[in-house]
>>> print(open('coords.txt').read())   # compact mmCIF, C-alpha atoms and all ligand atoms
# COMPACT_ATOMS: atom_id res chain seq x y z
CA MET A 1 9.14 39.61 -22.94
CA ASP A 2 5.60 38.46 -22.18
CA VAL A 3 3.79 41.76 -22.71
CA VAL A 4 5.22 41.91 -26.23
CA ARG A 5 4.63 38.24 -27.04
CA ARG A 6 0.99 38.47 -25.93
CA ALA A 7 0.29 41.71 -27.87
CA GLU A 8 -1.54 41.69 -31.19
CA VAL A 9 -0.92 45.34 -32.10
CA ILE A 10 2.51 46.86 -31.41
CA THR A 11 3.24 50.53 -31.98
CA VAL A 12 6.91 51.53 -32.10
CA PHE A 13 8.13 55.09 -31.55
CA THR A 14 11.67 55.57 -32.80
CA GLY A 15 14.25 58.33 -32.61
CA ALA A 16 17.78 59.00 -33.71
CA GLY A 17 19.29 56.34 -31.39
CA MET A 18 17.55 53.71 -33.55
CA SER A 19 19.95 54.53 -36.40
CA ALA A 20 23.05 55.27 -34.29
CA GLU A 21 24.44 51.76 -34.79
CA SER A 22 24.08 52.27 -38.56
CA GLY A 23 26.55 55.15 -38.24
CA VAL A 24 23.96 57.92 -38.48
CA ALA A 25 24.60 60.58 -35.82
CA THR A 26 21.97 61.39 -33.20
CA PHE A 27 21.17 65.02 -32.36
CA ARG A 28 21.80 65.39 -28.65
CA ASP A 29 24.26 62.67 -27.61
CA VAL A 30 27.29 64.17 -25.87
CA GLU A 31 30.34 64.42 -28.21
CA THR A 32 28.75 62.59 -31.17
CA GLY A 33 25.41 64.43 -31.54
CA LEU A 34 24.83 66.73 -34.52
CA TRP A 35 23.86 69.61 -32.24
CA GLU A 36 27.37 69.44 -30.70
CA ARG A 37 28.78 70.57 -34.05
CA PHE A 38 25.90 72.50 -35.64
CA ASP A 39 23.63 75.12 -34.10
CA PRO A 40 20.01 73.98 -34.68
CA THR A 41 18.77 77.58 -34.89
CA GLN A 42 21.18 78.18 -37.79
CA ILE A 43 20.18 75.06 -39.70
CA ALA A 44 16.86 73.44 -38.69
CA THR A 45 14.42 76.35 -38.63
CA PRO A 46 12.40 78.22 -41.27
CA GLN A 47 14.40 81.32 -40.30
CA ALA A 48 17.69 79.56 -41.12
CA TRP A 49 16.28 78.52 -44.50
CA ALA A 50 15.11 82.08 -45.23
CA SER A 51 18.45 83.63 -44.35
CA ASP A 52 20.87 81.07 -45.84
CA PRO A 53 19.18 78.47 -48.09
CA GLY A 54 22.52 77.36 -49.59
CA LEU A 55 23.91 76.43 -46.16
CA VAL A 56 20.73 74.57 -45.15
CA TRP A 57 20.43 72.74 -48.49
CA ALA A 58 24.09 71.64 -48.38
CA TRP A 59 23.70 70.33 -44.84
CA TYR A 60 20.67 68.20 -45.69
CA GLN A 61 22.27 66.93 -48.91
CA TRP A 62 25.28 65.86 -46.85
CA ARG A 63 23.03 64.05 -44.37
CA ALA A 64 21.15 62.35 -47.23
CA ARG A 65 24.46 61.06 -48.58
CA VAL A 66 25.48 59.73 -45.15
CA VAL A 67 22.16 57.86 -44.83
CA HIS A 68 22.33 56.60 -48.40
CA ALA A 69 25.71 55.02 -47.60
CA ALA A 70 24.42 53.49 -44.33
CA ALA A 71 22.60 50.18 -43.91
CA PRO A 72 19.85 49.07 -41.51
CA ASN A 73 21.24 47.61 -38.28
CA PRO A 74 20.06 44.52 -36.34
CA GLY A 75 17.55 46.68 -34.45
CA HIS A 76 15.83 47.79 -37.69
CA ASN A 77 15.86 44.20 -38.91
CA ALA A 78 14.32 42.94 -35.66
CA LEU A 79 11.41 45.39 -35.94
CA ALA A 80 10.81 44.26 -39.52
CA HIS A 81 10.81 40.61 -38.35
CA LEU A 82 8.26 41.46 -35.67
CA GLU A 83 5.71 41.88 -38.50
CA ARG A 84 5.77 38.11 -39.06
CA THR A 85 3.93 37.58 -35.78
CA HIS A 86 2.31 40.92 -34.90
CA SER A 87 0.58 43.91 -36.41
CA VAL A 88 3.27 46.61 -36.20
CA LEU A 89 3.19 50.34 -36.95
CA ILE A 90 6.33 52.40 -36.65
CA ALA A 91 6.00 56.11 -35.92
CA THR A 92 9.47 57.48 -36.44
CA GLN A 93 10.93 60.90 -35.79
CA ASN A 94 13.81 59.92 -38.07
CA VAL A 95 14.20 61.41 -41.51
CA ASP A 96 16.18 58.41 -42.80
CA ASP A 97 14.73 55.44 -44.71
CA LEU A 98 16.38 52.63 -42.72
CA HIS A 99 13.12 51.15 -41.38
CA GLU A 100 11.80 50.80 -44.94
CA ARG A 101 15.09 49.37 -46.18
CA ALA A 102 14.98 46.78 -43.37
CA GLY A 103 11.56 45.68 -44.65
CA SER A 104 9.11 47.40 -42.26
CA SER A 105 5.92 48.01 -44.21
CA THR A 106 4.07 50.64 -42.17
CA VAL A 107 6.18 53.63 -41.22
CA SER A 108 4.88 57.11 -40.40
CA HIS A 109 7.51 59.81 -40.73
CA LEU A 110 6.51 62.40 -38.15
CA HIS A 111 9.42 64.74 -38.99
CA GLY A 112 9.45 64.19 -42.75
CA SER A 113 12.17 62.65 -44.88
CA LEU A 114 15.58 63.51 -46.29
CA PHE A 115 14.39 61.92 -49.53
CA ALA A 116 11.21 63.93 -50.13
CA PRO A 117 12.32 67.44 -51.11
CA ARG A 118 9.58 69.78 -52.27
CA CYS A 119 9.08 73.25 -53.65
CA SER A 120 9.29 75.90 -50.92
CA ASN A 121 6.53 77.85 -52.67
CA CYS A 122 4.06 75.57 -54.46
CA GLY A 123 4.82 72.44 -52.37
CA ARG A 124 5.15 70.09 -55.37
CA PRO A 125 7.44 67.11 -54.71
CA TYR A 126 10.79 67.37 -56.47
CA HIS A 127 12.38 64.28 -57.98
CA GLY A 128 15.56 65.70 -59.47
CA VAL A 129 17.95 65.38 -56.52
CA ASP A 130 20.86 63.04 -57.03
CA ALA A 131 21.43 61.30 -53.67
CA GLN A 132 24.38 59.20 -54.83
CA PRO A 133 27.05 59.05 -52.12
CA GLU A 134 30.23 59.73 -54.11
CA HIS A 135 31.49 62.18 -51.51
CA ALA A 136 30.09 62.10 -48.00
CA VAL A 137 31.71 65.41 -47.13
CA HIS A 138 29.91 68.53 -46.07
CA GLU A 139 30.19 71.26 -48.69
CA LEU A 140 29.52 74.54 -46.94
CA ARG A 141 26.99 75.93 -49.41
CA VAL A 142 25.12 74.45 -52.36
CA GLU A 143 22.46 76.42 -54.20
CA PRO A 144 19.14 74.56 -54.01
CA PRO A 145 17.65 73.53 -57.36
CA ALA A 146 14.73 75.52 -58.78
CA CYS A 147 11.20 74.15 -58.97
CA PRO A 148 10.46 73.19 -62.61
CA THR A 149 6.95 74.63 -62.23
CA CYS A 150 7.30 77.92 -60.34
CA LEU A 151 11.10 78.38 -60.23
CA SER A 152 11.17 78.84 -56.44
CA PRO A 153 13.91 77.06 -54.46
CA ILE A 154 13.44 73.39 -53.57
CA ARG A 155 13.57 72.81 -49.80
CA PRO A 156 14.36 69.70 -47.73
CA GLY A 157 11.25 67.64 -46.91
CA VAL A 158 11.86 67.65 -43.17
CA VAL A 159 9.99 69.32 -40.30
CA TRP A 160 11.88 72.20 -38.74
CA PHE A 161 11.28 73.71 -35.31
CA GLY A 162 8.11 75.78 -35.39
CA GLU A 163 6.59 73.89 -38.32
CA GLY A 164 3.54 71.64 -38.16
CA LEU A 165 3.90 67.87 -38.56
CA PRO A 166 2.58 66.20 -41.76
CA ASP A 167 -1.17 65.59 -41.30
CA ASP A 168 -1.24 62.05 -42.71
CA ALA A 169 1.72 60.84 -40.63
CA TRP A 170 0.30 62.46 -37.50
CA ARG A 171 -3.18 60.99 -37.98
CA SER A 172 -1.95 57.43 -38.57
CA ALA A 173 0.42 57.69 -35.60
CA GLU A 174 -2.37 58.99 -33.32
CA SER A 175 -4.56 56.06 -34.30
CA ALA A 176 -1.71 53.55 -33.86
CA PHE A 177 -0.99 54.84 -30.35
CA THR A 178 -4.68 54.69 -29.46
CA PHE A 179 -5.18 51.07 -30.52
CA ALA A 180 -1.81 49.61 -29.44
CA ASP A 181 -1.60 46.73 -26.96
CA VAL A 182 1.96 47.78 -26.20
CA VAL A 183 4.20 50.71 -27.19
CA LEU A 184 7.95 50.35 -27.72
CA VAL A 185 9.95 53.59 -27.41
CA VAL A 186 13.37 53.22 -29.03
CA GLY A 187 16.35 55.61 -29.05
CA THR A 188 14.76 58.96 -28.39
CA SER A 189 15.49 61.65 -25.82
CA GLY A 190 11.72 62.20 -25.83
CA GLY A 191 11.78 65.97 -25.45
CA VAL A 192 10.52 67.14 -28.85
CA TYR A 193 6.80 67.86 -29.14
CA PRO A 194 4.18 67.17 -30.29
CA ALA A 195 5.74 63.77 -31.20
CA ALA A 196 6.71 62.94 -27.59
CA ALA A 197 3.11 63.43 -26.51
CA LEU A 198 2.11 60.23 -28.36
CA PRO A 199 3.75 57.73 -25.96
CA GLU A 200 2.86 59.97 -23.01
CA ARG A 201 -0.83 59.79 -23.93
CA ALA A 202 -0.63 56.02 -24.45
CA ALA A 203 0.89 55.60 -20.98
CA ALA A 204 -1.81 57.83 -19.49
CA ARG A 205 -4.43 55.48 -20.99
CA GLY A 206 -2.77 52.50 -19.31
CA ILE A 207 -1.02 51.05 -22.38
CA PRO A 208 2.31 49.46 -21.34
CA VAL A 209 5.29 51.43 -22.67
CA ILE A 210 8.69 49.71 -22.92
CA GLU A 211 11.74 51.91 -23.46
CA PHE A 212 14.89 50.76 -25.29
CA ASN A 213 17.66 53.26 -24.61
CA PRO A 214 21.09 52.91 -22.97
CA GLU A 215 20.45 56.25 -21.20
CA PRO A 216 17.50 57.62 -19.24
CA SER A 217 15.28 59.95 -21.27
CA ALA A 218 12.43 62.39 -20.72
CA LEU A 219 10.04 59.47 -21.31
CA SER A 220 11.66 57.06 -18.81
CA ALA A 221 9.44 58.12 -15.93
CA MET A 222 6.27 56.99 -17.66
CA ALA A 223 7.74 53.78 -19.11
CA SER A 224 6.60 50.54 -17.48
CA HIS A 225 10.04 49.09 -18.12
CA SER A 226 13.35 50.43 -19.51
CA ILE A 227 15.97 48.26 -21.20
CA ARG A 228 19.34 49.97 -20.95
CA THR A 229 21.26 48.38 -23.81
CA PRO A 230 21.74 49.60 -27.40
CA ALA A 231 18.74 48.91 -29.65
CA GLY A 232 20.89 46.76 -31.97
CA ILE A 233 21.21 44.29 -29.09
CA SER A 234 17.93 44.63 -27.17
CA LEU A 235 15.51 44.51 -30.15
CA PRO A 236 16.91 41.29 -31.71
CA ALA A 237 16.65 39.69 -28.24
CA LEU A 238 12.95 40.60 -28.28
CA VAL A 239 12.19 38.66 -31.47
CA ASP A 240 14.45 35.64 -30.78
C1 LIG B 301 20.30 55.00 -28.36
C2 LIG B 301 21.40 54.46 -28.97
C3 LIG B 301 21.30 53.11 -29.31
C4 LIG B 301 21.86 56.50 -28.63
N1 LIG B 301 20.18 52.42 -29.04
N2 LIG B 301 19.20 54.31 -28.09
C5 LIG B 301 5.72 71.65 -25.94
C6 LIG B 301 6.67 71.89 -24.97
C7 LIG B 301 7.90 72.47 -25.28
C8 LIG B 301 8.22 72.84 -26.58
C9 LIG B 301 7.27 72.59 -27.57
C10 LIG B 301 6.05 72.01 -27.24
N3 LIG B 301 5.35 71.88 -28.39
C11 LIG B 301 6.09 72.35 -29.42
C12 LIG B 301 7.28 72.80 -28.94
C13 LIG B 301 8.38 73.40 -29.75
C14 LIG B 301 9.27 72.38 -30.45
C15 LIG B 301 9.90 71.49 -29.39
O1 LIG B 301 9.46 70.39 -29.12
N4 LIG B 301 10.98 71.98 -28.79
C16 LIG B 301 11.67 71.20 -27.75
C17 LIG B 301 13.06 70.86 -28.26
C18 LIG B 301 11.73 72.01 -26.48
N5 LIG B 301 8.53 71.62 -31.41
C19 LIG B 301 8.35 72.04 -32.67
O2 LIG B 301 8.79 73.11 -33.05
C20 LIG B 301 7.55 71.15 -33.60
N6 LIG B 301 6.58 71.93 -34.26
C21 LIG B 301 5.55 72.50 -33.64
O3 LIG B 301 5.30 72.31 -32.47
O4 LIG B 301 4.81 73.29 -34.45
C22 LIG B 301 3.65 73.97 -33.95
C23 LIG B 301 2.82 74.28 -35.18
C24 LIG B 301 1.60 73.69 -35.30
C25 LIG B 301 0.83 73.97 -36.44
C26 LIG B 301 1.34 74.82 -37.42
C27 LIG B 301 2.59 75.37 -37.29
C28 LIG B 301 3.35 75.09 -36.16
C29 LIG B 301 8.43 70.58 -34.70
C30 LIG B 301 9.54 69.75 -34.18
C31 LIG B 301 10.46 69.35 -35.34
C32 LIG B 301 11.73 68.68 -34.84
N7 LIG B 301 12.66 68.64 -35.89
C33 LIG B 301 13.91 67.91 -35.69
C34 LIG B 301 14.77 68.13 -36.94
C35 LIG B 301 14.16 67.35 -38.10
C36 LIG B 301 14.93 67.51 -39.34
C37 LIG B 301 16.32 66.99 -39.23
O5 LIG B 301 16.53 65.76 -39.08
O6 LIG B 301 17.24 67.82 -39.30
O7 LIG B 301 13.66 66.52 -35.48
S1 LIG B 301 14.78 68.38 -34.20
C38 LIG B 301 15.42 66.76 -33.87
O8 LIG B 301 14.88 66.29 -32.61
C39 LIG B 301 14.83 65.85 -34.96
C40 LIG B 301 14.46 64.63 -34.17
O9 LIG B 301 13.49 63.89 -34.87
C41 LIG B 301 13.98 65.20 -32.86
C42 LIG B 301 14.02 64.23 -31.72
O10 LIG B 301 15.33 63.82 -31.47
P1 LIG B 301 15.62 62.32 -31.05
O11 LIG B 301 15.25 61.41 -32.14
O12 LIG B 301 15.01 62.06 -29.74
O13 LIG B 301 17.21 62.30 -30.97
P2 LIG B 301 18.15 62.72 -29.76
O14 LIG B 301 19.50 62.93 -30.32
O15 LIG B 301 17.57 63.82 -28.98
O16 LIG B 301 18.16 61.45 -28.81
C43 LIG B 301 18.80 60.25 -29.18
C44 LIG B 301 18.53 59.20 -28.11
O17 LIG B 301 19.04 57.96 -28.57
C45 LIG B 301 19.23 59.48 -26.78
O18 LIG B 301 18.27 59.32 -25.73
C46 LIG B 301 20.31 58.39 -26.68
O19 LIG B 301 20.54 57.93 -25.33
C47 LIG B 301 19.68 57.29 -27.50
N8 LIG B 301 20.62 56.36 -28.11
N9 LIG B 301 22.37 55.45 -29.10
C48 LIG B 301 19.15 53.08 -28.42
N10 LIG B 301 22.36 52.48 -29.91
>>> encode(input="coords.txt", output="structure tokens")
Amino acid sequence: MDVVRRAEVITVFTGAGMSAESGVATFRDVETGLWERFDPTQIATPQAWASDPGLVWAWYQWRARVVHAAAPNPGHNALAHLERTHSVLIATQNVDDLHERAGSSTVSHLHGSLFAPRCSNCGRPYHGVDAQPEHAVHELRVEPPACPTCLSPIRPGVVWFGEGLPDDAWRSAESAFTFADVVLVVGTSGGVYPAAALPERAAARGIPVIEFNPEPSALSAMASHSIRTPAGISLPALVD
């Protein structure tokens, strides 16, 4: 694709569909999405954490084990390969580490990480969680560990609805979307803000936006071009 080949700086905006072919469930896909089986208000909000921390902790530990057992797919690998010829920044909404494991060097995690738990009170990072995937089953409740410093419960390092995005990730993403020659939007329904505003603003400034998603999304209307095949097929074709 010429617009990509000619670009010096490529900013990539990824969502759950990026990791779908690695066996990591999306949120909103019909039948397979996490929100088909779990109510987001009961699990991905500060209120859910306050009312049932054991349920929330167990759910995120289960998801961390699923990701730990998964591997990057050809789409992740293709984006890592793109760094050989271009300056690439990935702004991901995903809380997995599959971009990093594929070899991408600059990844901003707009919605946090499954692998960065922290104290719910003093905010110190917690390094004691064992993410080994012996049993990828979902235990209903697991008591969160206690912070070694202040004894408050350790919380998942993800961004729940109603919470602000991490400042450093947001700032580097904003700059990457400002200075991009082209933006690739991969595997997102594009309806969660403020993250979805980043490609919208880039399009409004005249930066070409290419979407990679088998289905139309909330961002399709402002994309210059949409490629309707799975990312594990369309992204490798881009770097070949
Ligand atoms: C494939 C594929 C394949 C499948 N290849 N593609 C403005 C308007 C309206 C509402 C708001 C607004 N501003 C803020 C809000 C409220 C809210 C929000 O956006 N709500 C909307 C849902 C209506 N936003 C927030 O609450 C945010 N915080 C905030 O605004 O705080 C204000 C504040 C400021 C300062 C101080 C304090 C507060 C936070 C949002 C956090 C979102 N968190 C989650 C959970 C993270 C943790 C976890 O993982 O559990 O993030 S929700 C969930 O949605 C997750 C995702 O990152 C995010 C986006 O989902 P994504 O990635 O798009 O996945 P899907 O499943 O929706 O789509 C998958 C796509 O893949 C589909 O299109 C498929 O077709 C495609 N696909 N296979 C390519 N093989």
>>> residues_around(input="coords.txt", residues="Asp240 in chain A", least_positions_apart="4", cutoff="12 Å", atoms="all atoms listed in the file", output="VMD selection string")
chain A and resid 1 5 74 77 to 79 81 to 82 85 233 to 236
>>> residues_around(input="coords.txt", residues="Val56 in chain A", least_positions_apart="6", cutoff="10 Å", atoms="only C-alpha atoms", output="JSON list (two decimals) with C-alpha atoms, keeping the file's coordinate frame")
[["chain", "number", "residue", "atom", "x", "y", "z"],
["A", 42, "GLN", "CA", 21.18, 78.18, -37.79],
["A", 43, "ILE", "CA", 20.18, 75.06, -39.70],
["A", 44, "ALA", "CA", 16.86, 73.44, -38.69],
["A", 45, "THR", "CA", 14.42, 76.35, -38.63],
["A", 46, "PRO", "CA", 12.40, 78.22, -41.27],
["A", 48, "ALA", "CA", 17.69, 79.56, -41.12],
["A", 49, "TRP", "CA", 16.28, 78.52, -44.50],
["A", 50, "ALA", "CA", 15.11, 82.08, -45.23],
["A", 62, "TRP", "CA", 25.28, 65.86, -46.85],
["A", 140, "LEU", "CA", 29.52, 74.54, -46.94],
["A", 141, "ARG", "CA", 26.99, 75.93, -49.41],
["A", 142, "VAL", "CA", 25.12, 74.45, -52.36],
["A", 143, "GLU", "CA", 22.46, 76.42, -54.20],
["A", 144, "PRO", "CA", 19.14, 74.56, -54.01],
["A", 155, "ARG", "CA", 13.57, 72.81, -49.80],
["A", 156, "PRO", "CA", 14.36, 69.70, -47.73]]
>>> residues_near_ligand(input="coords.txt", ligand="ligand LIG 301 (chain B)", cutoff="7 Å", atoms="all atoms listed in the file", output="ChimeraX atom specification")
/A:14-18,20-21,26-29,33,44,93-95,111,158-165,186-194,212-217,229-232
>>> atom_distance(input="coords.txt", atom1="CA of Thr106 in chain A", atom2="CA of Leu89 in chain A")
5.3 Å
>>> atom_distance(input="coords.txt", atom1="CA of Gly128 in chain A", atom2="CA of Val66 in chain A")
18.4 Å
>>> closest_residue(input="coords.txt", among="A:Arg228, A:Arg118, A:His76, A:Arg37", to="Gly103 in chain A", atoms="only C-alpha atoms")
A:His76
>>> atom_distance(input="coords.txt", atom1="CA of Ala173 in chain A", atom2="CA of Ala204 in chain A")
16.3 Å
>>> closest_residue(input="coords.txt", among="A:His99, A:Gly23, A:Cys150, A:His68", to="Phe115 in chain A", atoms="only C-alpha atoms")
A:His68
>>> closest_residue(input="coords.txt", among="A:Ile210, A:Ala70, A:Val88, A:Ala64", to="Gly157 in chain A", atoms="all atoms listed in the file")
A:Ala64
>>> residues_around(input="coords.txt", residues="Ala7 in chain A", least_positions_apart="5", cutoff="9 Å", atoms="only C-alpha atoms", output="VMD selection string")
chain A and resid 2 86 to 87 180 to 182
>>> closest_residue(input="coords.txt", among="A:Asn121, A:Ser113, A:Ser175, A:Thr92", to="Ser19 in chain A", atoms="all atoms listed in the file")
A:Thr92
>>> closest_residue(input="coords.txt", among="A:Val4, A:Leu110, A:Val12, A:Cys147", to="Tyr126 in chain A", atoms="only C-alpha atoms")
A:Cys147
>>> residues_around(input="coords.txt", residues="Glu200 in chain A", least_positions_apart="2", cutoff="9 Å", atoms="all atoms listed in the file", output="mmCIF file with C-alpha atoms, in the frame of the given file")
data_model
loop_
_atom_site.group_PDB
_atom_site.id
_atom_site.type_symbol
_atom_site.label_atom_id
_atom_site.label_comp_id
_atom_site.auth_asym_id
_atom_site.auth_seq_id
_atom_site.Cartn_x
_atom_site.Cartn_y
_atom_site.Cartn_z
ATOM 1 C CA ALA A 196 6.710 62.940 -27.590
ATOM 2 C CA ALA A 197 3.110 63.430 -26.510
ATOM 3 C CA LEU A 198 2.110 60.230 -28.360
ATOM 4 C CA ALA A 202 -0.630 56.020 -24.450
ATOM 5 C CA ALA A 203 0.890 55.600 -20.980
ATOM 6 C CA ALA A 204 -1.810 57.830 -19.490
ATOM 7 C CA ARG A 205 -4.430 55.480 -20.990
ATOM 8 C CA VAL A 209 5.290 51.430 -22.670
ATOM 9 C CA LEU A 219 10.040 59.470 -21.310
ATOM 10 C CA MET A 222 6.270 56.990 -17.660
ATOM 11 C CA ALA A 223 7.740 53.780 -19.110
#
>>> closest_residue(input="coords.txt", among="A:Leu151, A:Val67, A:Leu98, A:Pro199", to="Ala221 in chain A", atoms="all atoms listed in the file")
A:Pro199
>>> residues_around(input="coords.txt", residues="Ala169 in chain A", least_positions_apart="5", cutoff="8 Å", atoms="all atoms listed in the file", output="short mmCIF file (atom, residue, chain, number, x, y, z; two decimals) with C-alpha atoms, keeping the file's coordinate frame")
data_model
loop_
_atom_site.label_atom_id
_atom_site.label_comp_id
_atom_site.auth_asym_id
_atom_site.auth_seq_id
_atom_site.Cartn_x
_atom_site.Cartn_y
_atom_site.Cartn_z
CA ALA A 91 6.00 56.11 -35.92
CA SER A 108 4.88 57.11 -40.40
CA HIS A 109 7.51 59.81 -40.73
CA LEU A 110 6.51 62.40 -38.15
#
